[in-house]
file input01.csv (CSV, C-alpha atoms and all ligand atoms)
chain,number,residue,atom,x,y,z
A,1397,MET,CA,94.5,111.9,221.2
A,1398,ARG,CA,97.9,112.4,219.6
A,1399,LEU,CA,100.7,110.0,220.5
A,1400,ALA,CA,104.3,111.1,220.6
A,1401,ALA,CA,105.5,108.8,217.9
A,1402,SER,CA,108.7,109.3,215.9
A,1403,PHE,CA,110.7,107.4,213.3
A,1404,VAL,CA,113.8,105.9,214.7
A,1405,ALA,CA,115.4,103.5,212.3
A,1406,SER,CA,115.0,101.3,209.2
A,1407,ALA,CA,116.6,97.8,209.3
A,1408,GLU,CA,117.3,95.5,206.5
A,1409,GLU,CA,118.6,92.7,208.7
A,1410,LEU,CA,117.9,91.5,212.2
A,1411,SER,CA,121.4,92.6,213.4
A,1412,SER,CA,120.7,96.2,212.5
A,1413,CYS,CA,117.5,96.6,214.5
A,1414,PRO,CA,117.7,99.1,217.4
A,1415,ARG,CA,119.2,98.0,220.6
A,1416,TRP,CA,116.8,99.3,223.2
A,1417,GLU,CA,114.5,98.1,226.0
A,1418,ARG,CA,111.3,99.1,224.2
A,1419,THR,CA,108.4,96.7,223.9
A,1420,GLU,CA,107.6,96.3,220.2
A,1421,VAL,CA,104.2,95.9,218.6
A,1422,ALA,CA,104.6,94.8,215.0
A,1423,LEU,CA,102.2,95.4,212.1
A,1424,ALA,CA,102.2,92.6,209.6
A,1425,GLY,CA,100.1,91.7,206.6
A,1426,ARG,CA,99.9,91.3,202.9
A,1427,SER,CA,101.4,93.9,200.7
A,1428,ASN,CA,99.1,96.9,200.2
A,1429,VAL,CA,96.7,95.8,203.0
A,1430,GLY,CA,97.2,99.2,204.7
A,1431,LYS,CA,99.9,98.7,207.3
A,1432,SER,CA,101.6,102.0,206.9
A,1433,SER,CA,98.3,103.9,206.7
A,1434,LEU,CA,97.1,102.2,209.8
A,1435,LEU,CA,100.3,103.0,211.7
A,1436,ASN,CA,99.8,106.7,210.7
A,1437,ALA,CA,96.2,106.6,211.8
A,1438,ILE,CA,97.1,105.1,215.2
A,1439,ALA,CA,99.7,107.7,215.7
A,1440,ALA,CA,97.4,110.4,214.3
A,1441,ASN,CA,100.3,111.5,212.1
A,1442,GLY,CA,99.6,111.1,208.4
A,1443,ARG,CA,103.2,111.5,207.4
A,1444,LEU,CA,105.0,109.1,209.8
A,1445,ALA,CA,105.2,106.0,207.7
A,1446,ARG,CA,105.3,106.1,203.9
A,1447,THR,CA,102.2,104.8,202.2
A,1448,SER,CA,101.7,104.1,198.6
A,1449,ARG,CA,99.2,102.8,196.0
A,1450,THR,CA,102.0,100.7,194.6
A,1451,PRO,CA,102.4,97.4,196.5
A,1452,GLY,CA,105.8,96.6,198.0
A,1453,ARG,CA,106.4,100.1,199.2
A,1454,THR,CA,107.8,99.2,202.6
A,1455,ARG,CA,111.0,97.1,202.1
A,1456,ALA,CA,112.6,97.1,205.5
A,1457,LEU,CA,111.6,96.9,209.1
A,1458,ASN,CA,110.7,100.5,210.2
A,1459,PHE,CA,110.9,101.3,213.9
A,1460,PHE,CA,108.8,104.1,215.4
A,1461,ALA,CA,109.3,105.0,219.1
A,1462,LEU,CA,105.9,105.5,220.9
A,1463,GLY,CA,106.0,107.3,224.2
A,1464,GLN,CA,108.6,106.2,226.8
A,1465,CYS,CA,108.6,102.4,226.4
A,1466,LEU,CA,106.8,101.2,223.3
A,1467,ALA,CA,107.7,101.0,219.7
A,1468,LEU,CA,105.6,100.2,216.6
A,1469,VAL,CA,107.3,98.3,213.8
A,1470,ASP,CA,106.0,98.6,210.2
A,1471,LEU,CA,106.9,95.3,208.5
A,1472,PRO,CA,107.4,94.8,204.8
A,1473,GLY,CA,104.3,93.2,203.2
A,1474,PHE,CA,104.3,89.7,201.9
A,1475,GLY,CA,102.6,88.2,198.8
A,1476,TYR,CA,103.6,90.9,196.3
A,1477,ALA,CA,103.7,88.9,193.1
A,1478,LYS,CA,105.5,91.4,190.9
A,1479,MET,CA,108.6,91.6,193.1
A,1480,ALA,CA,111.8,90.0,191.8
A,1481,ARG,CA,112.1,86.5,193.3
A,1482,ASP,CA,115.4,87.0,195.2
A,1483,ARG,CA,114.1,90.3,196.6
A,1484,ALA,CA,110.9,88.6,197.8
A,1485,GLN,CA,112.9,85.8,199.4
A,1486,ALA,CA,115.2,88.2,201.2
A,1487,LEU,CA,112.1,90.1,202.5
A,1488,SER,CA,110.4,86.9,203.6
A,1489,ARG,CA,113.6,85.9,205.4
A,1490,LEU,CA,113.8,89.3,207.1
A,1491,LEU,CA,110.2,89.0,208.2
A,1492,SER,CA,110.5,85.5,209.7
A,1493,ASP,CA,113.9,86.3,211.3
A,1494,TYR,CA,112.2,89.3,213.0
A,1495,LEU,CA,109.0,87.5,214.0
A,1496,GLU,CA,110.7,84.4,215.2
A,1497,GLY,CA,113.8,85.9,216.9
A,1498,ARG,CA,113.3,89.4,218.1
A,1499,ALA,CA,113.3,89.4,221.8
A,1500,ASN,CA,111.6,92.9,222.2
A,1501,LEU,CA,108.6,91.7,220.2
A,1502,ALA,CA,105.5,91.3,222.5
A,1503,ALA,CA,102.5,91.6,220.2
A,1504,LEU,CA,101.5,91.2,216.6
A,1505,LEU,CA,98.9,93.3,214.9
A,1506,LEU,CA,98.0,91.2,211.8
A,1507,LEU,CA,96.2,93.2,209.1
A,1508,VAL,CA,93.9,91.4,206.8
A,1509,ASP,CA,91.8,93.2,204.1
A,1510,LEU,CA,88.2,92.8,205.3
A,1511,ARG,CA,87.0,92.1,201.7
A,1512,ARG,CA,89.6,89.4,201.1
A,1513,GLY,CA,89.6,87.6,204.4
A,1514,PRO,CA,92.4,85.5,205.8
A,1515,GLU,CA,94.3,83.0,203.6
A,1516,ARG,CA,97.1,80.5,204.2
A,1517,ASP,CA,99.8,83.1,204.9
A,1518,GLU,CA,97.7,84.8,207.6
A,1519,ALA,CA,96.9,81.5,209.2
A,1520,GLU,CA,100.6,80.7,209.3
A,1521,LEU,CA,101.4,84.0,211.0
A,1522,VAL,CA,98.7,83.3,213.6
A,1523,ARG,CA,100.3,79.9,214.3
A,1524,LEU,CA,103.7,81.6,214.6
A,1525,ALA,CA,102.3,84.2,217.0
A,1526,ARG,CA,100.8,81.5,219.2
A,1527,ARG,CA,103.9,79.3,219.1
A,1528,ARG,CA,106.0,82.3,220.3
A,1529,GLY,CA,103.4,83.4,222.9
A,1530,LEU,CA,102.9,86.8,221.2
A,1531,ARG,CA,99.7,88.7,221.9
A,1532,LEU,CA,97.6,88.9,218.8
A,1533,MET,CA,95.0,91.1,217.3
A,1534,ILE,CA,93.6,91.0,213.8
A,1535,ALA,CA,92.9,94.3,212.2
A,1536,ALA,CA,90.3,93.8,209.4
A,1537,THR,CA,91.3,96.8,207.2
A,1538,LYS,CA,89.6,99.1,204.7
A,1539,ALA,CA,86.2,98.6,206.4
A,1540,ASP,CA,85.0,101.8,204.7
A,1541,LYS,CA,84.7,99.9,201.4
A,1542,LEU,CA,81.9,97.7,202.8
A,1543,SER,CA,78.4,98.5,204.1
A,1544,SER,CA,77.8,97.3,207.6
A,1545,ASN,CA,75.8,94.3,206.4
A,1546,GLU,CA,78.7,93.4,204.1
A,1547,GLN,CA,81.1,93.8,207.0
A,1548,ARG,CA,79.1,91.5,209.1
A,1549,ARG,CA,79.1,88.8,206.4
A,1550,ALA,CA,82.8,89.3,205.7
A,1551,LEU,CA,83.7,89.0,209.3
A,1552,GLU,CA,82.3,85.4,209.4
A,1553,GLY,CA,85.3,84.4,207.2
A,1554,PHE,CA,87.6,85.4,210.0
A,1555,THR,CA,86.3,83.0,212.6
A,1556,VAL,CA,88.8,80.3,211.3
A,1557,LEU,CA,91.6,82.3,213.0
A,1558,SER,CA,90.0,82.0,216.5
A,1559,ALA,CA,91.5,85.4,217.3
A,1560,GLU,CA,90.1,88.8,218.3
A,1561,VAL,CA,89.2,90.8,215.2
A,1562,MET,CA,88.8,94.6,215.0
A,1563,PRO,CA,87.3,96.0,211.7
A,1564,CYS,CA,88.9,99.3,211.0
A,1565,SER,CA,89.5,102.0,208.5
A,1566,ALA,CA,92.5,104.4,208.3
A,1567,ARG,CA,90.3,106.5,206.1
A,1568,THR,CA,87.3,107.0,208.4
A,1569,GLY,CA,89.0,106.3,211.7
A,1570,SER,CA,86.7,103.5,212.7
A,1571,GLY,CA,88.3,101.0,215.0
A,1572,ILE,CA,91.4,103.1,215.4
A,1573,GLN,CA,90.7,104.2,219.0
A,1574,GLU,CA,90.3,100.5,220.0
A,1575,LEU,CA,93.5,99.5,218.3
A,1576,ARG,CA,95.3,102.4,220.0
A,1577,ARG,CA,94.1,101.2,223.4
A,1578,TRP,CA,95.1,97.7,222.7
A,1579,ILE,CA,98.6,98.8,221.8
A,1580,LEU,CA,99.0,101.2,224.8
A,1581,GLY,CA,98.1,98.2,227.0
A,1582,PHE,CA,101.6,96.9,226.4
A,1583,GLY,CA,103.2,100.1,227.7
A,1584,GLY,CA,102.9,99.2,231.4
A,1585,PRO,CA,101.4,101.4,234.1
A,1586,GLY,CA,101.6,105.1,233.6
A,1587,ILE,CA,101.8,104.9,229.8
A,1588,SER,CA,98.9,107.3,229.2
A,1589,GLN,CA,100.7,110.0,231.2
A,1590,ALA,CA,104.0,109.3,229.5
A,1591,ILE,CA,102.8,110.0,226.0
A,1601,LIG,N1,89.7,102.8,201.3
A,1601,LIG,C1,90.8,102.7,202.1
A,1601,LIG,N2,92.0,102.6,201.5
A,1601,LIG,C2,93.1,102.4,202.4
A,1601,LIG,C3,93.0,102.3,203.8
A,1601,LIG,N3,94.2,102.1,204.3
A,1601,LIG,C4,95.1,102.1,203.3
A,1601,LIG,N4,94.4,102.3,202.1
A,1601,LIG,C5,95.0,102.5,200.7
A,1601,LIG,O1,95.7,101.2,200.4
A,1601,LIG,C6,96.9,101.5,199.7
A,1601,LIG,C7,98.1,100.8,200.5
A,1601,LIG,O2,98.3,101.4,201.7
A,1601,LIG,P1,99.6,101.3,202.5
A,1601,LIG,O3,99.3,101.8,203.9
A,1601,LIG,O4,100.8,101.9,201.8
A,1601,LIG,O5,99.8,99.7,202.6
A,1601,LIG,P2,101.0,98.8,203.1
A,1601,LIG,O6,100.4,97.6,203.7
A,1601,LIG,O7,101.9,99.6,204.0
A,1601,LIG,O8,101.7,98.4,201.8
A,1601,LIG,P3,103.3,97.8,201.6
A,1601,LIG,O9,104.2,98.7,202.4
A,1601,LIG,O10,103.4,97.8,200.2
A,1601,LIG,O11,103.3,96.4,202.2
A,1601,LIG,C8,97.0,103.0,199.6
A,1601,LIG,O12,96.5,103.4,198.4
A,1601,LIG,C9,96.1,103.5,200.7
A,1601,LIG,O13,95.6,104.8,200.5
A,1601,LIG,C10,91.6,102.3,204.3
A,1601,LIG,O14,91.4,102.2,205.5
A,1601,LIG,N5,90.6,102.5,203.4
A,1602,MG,MG,103.9,99.9,204.0

call {"tool": "encode", "arguments": {"input": "input01.csv", "output": "structure tokens", "more": "lines below"}}
Ligand SMILES: Nc1nc2c(ncn2[C@@H]2O[C@H](COP(=O)(O)OP(=O)(O)OP(=O)(O)O)[C@@H](O)[C@H]2O)c(=O)[nH]1
Ligand SMILES: [Mg+2]
result
Amino acid sequence: MRLAASFVASAEELSSCPRWERTEVALAGRSNVGKSSLLNAIAANGRLARTSRTPGRTRALNFFALGQCLALVDLPGFGYAKMARDRAQALSRLLSDYLEGRANLAALLLLVDLRRGPERDEAELVRLARRRGLRLMIAATKADKLSSNEQRRALEGFTVLSAEVMPCSARTGSGIQELRRWILGFGGPGISQAI
């Protein structure tokens, strides 16, 4: 399945986000966790969002229209130690402004490296999502790097979040179809015909 997804805008502050009626599903997570790669896998378009081996690649909110009434938002990663302090603070402010204040935002796809598991930052985002009443899904990324036994063990570390977890891999495509379905669930009736 290929989704009609297209890049619309990049925003460095909340006031420059698109003014539209679309329901937004945001991808958040630590720098280098695989947000841009997952977005491309979900849209089945390898060149939609820019990915990089260097952490800190995505430095703005990037909006992608999906079908008639949805949008995916690729968020800047947090926790990149080598970024200049004022730059990191500005990004962290942008991220929390968006997550706390964006009216279009309905759902958060929180990415956590399956090998690393959730830490304090992720637990905080889960709390924020619950406080705001956002729908939440945890994508446990880079599952291809673990055997299925290792995956099972690693997933035990995710239970602290008390949220639905989907192990996935942008590389092999595992879990992608499930995440796609979850996202399309926010598009209202008729979404599958519209895209
Ligand atoms: N093995 C494996 N590598 C992956 C996977 N997804 C992403 N990567 C790699 O992880 C690195 C970071 O991927 P990105 O998608 O750019 O990560 P990001 O979270 O958008 O990073 P920032 O924009 O810096 O926050 C790249 O080298 C990707 O090739 C995956 O499913 N499996
Ligand atoms: Mg990125």

call {"tool": "atom_distance", "arguments": {"input": "input01.csv", "atom1": "atom CA of A:Ala1407", "atom2": "atom C1 of ligand LIG 1601 (chain A)"}}
result
27.2 Å

call {"tool": "closest_atom_pairs", "arguments": {"input": "input01.csv", "of": "chain A", "to": "ligand MG 1602 (chain A)", "cutoff": "8 Å", "atoms": "all atoms listed in the file", "output": "Markdown table"}}
result
| residue | atom | partner | partner_atom | distance |
| --- | --- | --- | --- | --- |
| A:Ser1427 | CA | A:MG1602 | MG | 7.3 |
| A:Asn1428 | CA | A:MG1602 | MG | 6.8 |
| A:Gly1430 | CA | A:MG1602 | MG | 6.8 |
| A:Lys1431 | CA | A:MG1602 | MG | 5.3 |
| A:Ser1432 | CA | A:MG1602 | MG | 4.3 |
| A:Ser1433 | CA | A:MG1602 | MG | 7.4 |
| A:Ala1445 | CA | A:MG1602 | MG | 7.3 |
| A:Arg1446 | CA | A:MG1602 | MG | 6.4 |
| A:Thr1447 | CA | A:MG1602 | MG | 5.5 |
| A:Ser1448 | CA | A:MG1602 | MG | 7.2 |
| A:Gly1452 | CA | A:MG1602 | MG | 7.1 |
| A:Arg1453 | CA | A:MG1602 | MG | 5.4 |
| A:Thr1454 | CA | A:MG1602 | MG | 4.2 |
| A:Arg1455 | CA | A:MG1602 | MG | 7.9 |
| A:Asp1470 | CA | A:MG1602 | MG | 6.7 |
| A:Leu1471 | CA | A:MG1602 | MG | 7.1 |
| A:Pro1472 | CA | A:MG1602 | MG | 6.2 |
| A:Gly1473 | CA | A:MG1602 | MG | 6.8 |

call {"tool": "write_last_selection", "arguments": {"input": "input01.csv", "atoms": "C-alpha atoms", "output": "PDB file, keeping the file's coordinate frame"}}
result
ATOM      1  CA  SER A1427     101.400  93.900 200.700  1.00  0.00           C
ATOM      2  CA  ASN A1428      99.100  96.900 200.200  1.00  0.00           C
ATOM      3  CA  GLY A1430      97.200  99.200 204.700  1.00  0.00           C
ATOM      4  CA  LYS A1431      99.900  98.700 207.300  1.00  0.00           C
ATOM      5  CA  SER A1432     101.600 102.000 206.900  1.00  0.00           C
ATOM      6  CA  SER A1433      98.300 103.900 206.700  1.00  0.00           C
ATOM      7  CA  ALA A1445     105.200 106.000 207.700  1.00  0.00           C
ATOM      8  CA  ARG A1446     105.300 106.100 203.900  1.00  0.00           C
ATOM      9  CA  THR A1447     102.200 104.800 202.200  1.00  0.00           C
ATOM     10  CA  SER A1448     101.700 104.100 198.600  1.00  0.00           C
ATOM     11  CA  GLY A1452     105.800  96.600 198.000  1.00  0.00           C
ATOM     12  CA  ARG A1453     106.400 100.100 199.200  1.00  0.00           C
ATOM     13  CA  THR A1454     107.800  99.200 202.600  1.00  0.00           C
ATOM     14  CA  ARG A1455     111.000  97.100 202.100  1.00  0.00           C
ATOM     15  CA  ASP A1470     106.000  98.600 210.200  1.00  0.00           C
ATOM     16  CA  LEU A1471     106.900  95.300 208.500  1.00  0.00           C
ATOM     17  CA  PRO A1472     107.400  94.800 204.800  1.00  0.00           C
ATOM     18  CA  GLY A1473     104.300  93.200 203.200  1.00  0.00           C
TER      19      GLY A1473
END

call {"tool": "closest_residue", "arguments": {"input": "input01.csv", "among": "A:Ala1502, A:Leu1491, A:Val1421, A:Met1562", "to": "A:Leu1575", "atoms": "only C-alpha atoms"}}
result
A:Met1562

call {"tool": "atom_distance", "arguments": {"input": "input01.csv", "atom1": "atom CA of A:Ile1534", "atom2": "atom CA of A:Val1561"}}
result
4.6 Å

call {"tool": "closest_residue", "arguments": {"input": "input01.csv", "among": "A:Leu1495, A:Ala1480, A:Cys1564, A:Ala1519", "to": "ligand LIG 1601 (chain A)", "atoms": "all atoms listed in the file"}}
result
A:Cys1564

call {"tool": "atom_distance", "arguments": {"input": "input01.csv", "atom1": "atom CA of A:Gln1485", "atom2": "atom CA of A:Leu1521"}}
result
16.4 Å

call {"tool": "closest_residue", "arguments": {"input": "input01.csv", "among": "A:Glu1560, A:Glu1520, A:Leu1466, A:Lys1541", "to": "A:Asn1500", "atoms": "only C-alpha atoms"}}
result
A:Leu1466

call {"tool": "build_atoms", "arguments": {"input": "input01.csv", "residues": "stretch 1404-1433 of chain A", "atoms": "N, CA and C atoms", "output": "compact mmCIF listing (two decimals), keeping the file's coordinate frame"}}
result
# COMPACT_ATOMS: atom_id res chain seq x y z
N VAL A 1404 112.52 106.08 214.08
CA VAL A 1404 113.80 105.90 214.70
C VAL A 1404 114.83 105.26 213.73
N ALA A 1405 114.44 104.18 213.10
CA ALA A 1405 115.40 103.50 212.30
C ALA A 1405 114.72 102.53 211.30
N SER A 1406 115.46 102.23 210.24
CA SER A 1406 115.00 101.30 209.20
C SER A 1406 116.07 100.17 209.26
N ALA A 1407 115.64 98.92 209.25
CA ALA A 1407 116.60 97.80 209.30
C ALA A 1407 116.37 96.83 208.21
N GLU A 1408 117.43 96.45 207.51
CA GLU A 1408 117.30 95.50 206.50
C GLU A 1408 117.76 94.09 206.91
N GLU A 1409 118.27 94.01 208.13
CA GLU A 1409 118.60 92.70 208.70
C GLU A 1409 118.36 92.78 210.23
N LEU A 1410 118.21 91.61 210.82
CA LEU A 1410 117.90 91.50 212.20
C LEU A 1410 118.99 92.22 213.07
N SER A 1411 120.25 92.06 212.62
CA SER A 1411 121.40 92.60 213.40
C SER A 1411 121.40 94.12 213.40
N SER A 1412 120.69 94.77 212.48
CA SER A 1412 120.70 96.20 212.50
C SER A 1412 119.46 96.84 213.13
N CYS A 1413 118.64 96.02 213.80
CA CYS A 1413 117.50 96.60 214.50
C CYS A 1413 118.00 97.35 215.75
N PRO A 1414 117.21 98.33 216.21
CA PRO A 1414 117.70 99.10 217.40
C PRO A 1414 117.92 98.27 218.60
N ARG A 1415 118.96 98.64 219.33
CA ARG A 1415 119.20 98.00 220.60
C ARG A 1415 118.60 98.87 221.68
N TRP A 1416 117.48 98.46 222.16
CA TRP A 1416 116.80 99.30 223.20
C TRP A 1416 115.94 98.34 224.03
N GLU A 1417 115.31 98.93 225.05
CA GLU A 1417 114.50 98.10 226.00
C GLU A 1417 113.02 98.19 225.59
N ARG A 1418 112.70 98.93 224.56
CA ARG A 1418 111.30 99.10 224.20
C ARG A 1418 110.55 97.84 223.89
N THR A 1419 109.31 97.76 224.29
CA THR A 1419 108.40 96.70 223.90
C THR A 1419 107.88 96.97 222.52
N GLU A 1420 108.00 96.01 221.62
CA GLU A 1420 107.60 96.30 220.20
C GLU A 1420 106.27 95.59 219.88
N VAL A 1421 105.44 96.36 219.18
CA VAL A 1421 104.20 95.90 218.60
C VAL A 1421 104.37 95.96 217.09
N ALA A 1422 104.31 94.83 216.40
CA ALA A 1422 104.60 94.80 215.00
C ALA A 1422 103.31 94.76 214.15
N LEU A 1423 103.31 95.48 213.02
CA LEU A 1423 102.20 95.40 212.10
C LEU A 1423 102.58 94.60 210.89
N ALA A 1424 101.90 93.47 210.72
CA ALA A 1424 102.20 92.60 209.60
C ALA A 1424 101.02 92.38 208.73
N GLY A 1425 101.26 92.01 207.48
CA GLY A 1425 100.10 91.70 206.60
C GLY A 1425 100.58 91.78 205.13
N ARG A 1426 99.71 91.29 204.29
CA ARG A 1426 99.90 91.30 202.90
C ARG A 1426 100.27 92.65 202.33
N SER A 1427 101.06 92.67 201.28
CA SER A 1427 101.40 93.90 200.70
C SER A 1427 100.18 94.72 200.27
N ASN A 1428 100.18 96.02 200.55
CA ASN A 1428 99.10 96.90 200.20
C ASN A 1428 97.82 96.78 201.05
N VAL A 1429 97.91 96.00 202.15
CA VAL A 1429 96.70 95.80 203.00
C VAL A 1429 96.41 97.05 203.83
N GLY A 1430 97.45 97.93 203.96
CA GLY A 1430 97.20 99.20 204.70
C GLY A 1430 98.00 99.32 205.98
N LYS A 1431 99.14 98.64 206.10
CA LYS A 1431 99.90 98.70 207.30
C LYS A 1431 100.42 100.10 207.66
N SER A 1432 101.07 100.71 206.65
CA SER A 1432 101.60 102.00 206.90
C SER A 1432 100.53 103.06 207.17
N SER A 1433 99.43 102.94 206.45
CA SER A 1433 98.30 103.90 206.70
C SER A 1433 97.72 103.68 208.07
